[in-house]
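Reading through the structure tokens given below for one structure.
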Amino acid sequence: MSIRHGLLALLTQGPRYGYQLRAEFEASTGATWPLNIGQVYSTLSRLERDDLVVSSGADEDGRHVYEITTAGEEDVRRWFGTPVARSDRPRD
């Protein structure tokens, strides 16, 4: 699993802000894959550039909130539908 797909999968559950995505990613991996918040925001930036997520403004606390786009949902479905080869890295 890539950070990109992990974040997209979390965004299928609804809009999230960066620190929320980081906490949920780490919780979903049993805290065995800690993320630097910079990784989260750089990944979100690339996802936004690729039209897979969109910044939907800020919440009441001023945090930038991201939502998955239709293209992002299609990317997640394709990823979930692709079998993982046994030779892939353990995190996959």
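Letters for chains follow the order of the structure tokens (A, B, ...), residue numbers begin at 1 for each chain, and ligand numbers begin at 1 in the order shown.
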TODO: Run DSSP on the backbone and grab whatever in chain A lands in strand (DSSP E or B); send it over as a ChimeraX atom specification.
DONE: /A:16-17,53-58,64-68
Save out the residues we just selected, N, CA and C atoms, as a PDB file, in the first residue's frame.
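Saved as selection31.pdb:
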```pdb
ATOM      1  N   ARG A  16     -11.596  15.096   5.254  1.00  0.00           N
ATOM      2  CA  ARG A  16     -10.647  15.051   6.368  1.00  0.00           C
ATOM      3  C   ARG A  16      -9.619  16.165   6.197  1.00  0.00           C
ATOM      4  N   TYR A  17      -8.990  16.562   7.305  1.00  0.00           N
ATOM      5  CA  TYR A  17      -7.856  17.483   7.249  1.00  0.00           C
ATOM      6  C   TYR A  17      -6.580  16.683   7.493  1.00  0.00           C
ATOM      7  N   VAL A  53      -8.093  14.603  -5.394  1.00  0.00           N
ATOM      8  CA  VAL A  53      -8.725  15.237  -4.232  1.00  0.00           C
ATOM      9  C   VAL A  53      -8.871  16.722  -4.526  1.00  0.00           C
ATOM     10  N   VAL A  54      -9.724  17.342  -3.748  1.00  0.00           N
ATOM     11  CA  VAL A  54      -9.914  18.782  -3.868  1.00  0.00           C
ATOM     12  C   VAL A  54      -9.981  19.361  -2.455  1.00  0.00           C
ATOM     13  N   SER A  55      -9.379  20.520  -2.280  1.00  0.00           N
ATOM     14  CA  SER A  55      -9.486  21.217  -1.002  1.00  0.00           C
ATOM     15  C   SER A  55     -10.850  21.884  -0.974  1.00  0.00           C
ATOM     16  N   SER A  56     -11.630  21.553   0.036  1.00  0.00           N
ATOM     17  CA  SER A  56     -12.994  22.083   0.107  1.00  0.00           C
ATOM     18  C   SER A  56     -13.098  23.255   1.075  1.00  0.00           C
ATOM     19  N   GLY A  57     -11.983  23.937   1.286  1.00  0.00           N
ATOM     20  CA  GLY A  57     -11.983  25.090   2.184  1.00  0.00           C
ATOM     21  C   GLY A  57     -11.454  24.717   3.549  1.00  0.00           C
ATOM     22  N   ALA A  58     -11.833  25.502   4.522  1.00  0.00           N
ATOM     23  CA  ALA A  58     -11.350  25.291   5.883  1.00  0.00           C
ATOM     24  C   ALA A  58     -12.519  24.995   6.813  1.00  0.00           C
ATOM     25  N   HIS A  64      -7.404  23.152   6.660  1.00  0.00           N
ATOM     26  CA  HIS A  64      -7.787  22.848   5.277  1.00  0.00           C
ATOM     27  C   HIS A  64      -8.354  21.433   5.210  1.00  0.00           C
ATOM     28  N   VAL A  65      -9.524  21.323   4.645  1.00  0.00           N
ATOM     29  CA  VAL A  65     -10.218  20.039   4.537  1.00  0.00           C
ATOM     30  C   VAL A  65     -10.151  19.564   3.088  1.00  0.00           C
ATOM     31  N   TYR A  66      -9.921  18.269   2.920  1.00  0.00           N
ATOM     32  CA  TYR A  66      -9.805  17.672   1.594  1.00  0.00           C
ATOM     33  C   TYR A  66     -10.920  16.668   1.383  1.00  0.00           C
ATOM     34  N   GLU A  67     -11.393  16.603   0.120  1.00  0.00           N
ATOM     35  CA  GLU A  67     -12.412  15.639  -0.275  1.00  0.00           C
ATOM     36  C   GLU A  67     -11.909  14.871  -1.482  1.00  0.00           C
ATOM     37  N   ILE A  68     -12.326  13.625  -1.600  1.00  0.00           N
ATOM     38  CA  ILE A  68     -11.951  12.814  -2.754  1.00  0.00           C
ATOM     39  C   ILE A  68     -12.852  13.186  -3.930  1.00  0.00           C
TER      40      ILE A  68
END
```
Task: Which of A:Ile3, A:Val76, A:Leu8, A:Leu21 sits closest to Trp33 (chain A) [using only C-alpha atoms] - done: A:Ile3
- [ ] Identify which of the residues A:Ala31, A:Ala71, A:Leu11, A:Met1 lies closest to Asp51 (chain A), counting only C-alpha atoms when measuring atom-to-atom distances.
- [x]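 Between A:Ala31, A:Ala71, A:Leu11, A:Met1, the residue approaching Asp51 (chain A) most closely is A:Ala71.
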- [ ] Choose the residue, out of A:Gly72, A:Val84, A:Ala23, A:Gly62, that has the smallest atom-to-atom separation from Arg49 (chain A); count only C-alpha atoms.
- [x]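 Counting only C-alpha atoms, the residue closest to Arg49 (chain A) is A:Gly72.
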- [ ] Any chance you could list, as a VMD selection string, the residues in chain A that come up helix (DSSP H, G or I) when DSSP is run on the backbone?
- [x] chain A and resid 3 to 11 18 to 28 37 to 49 70 to 80
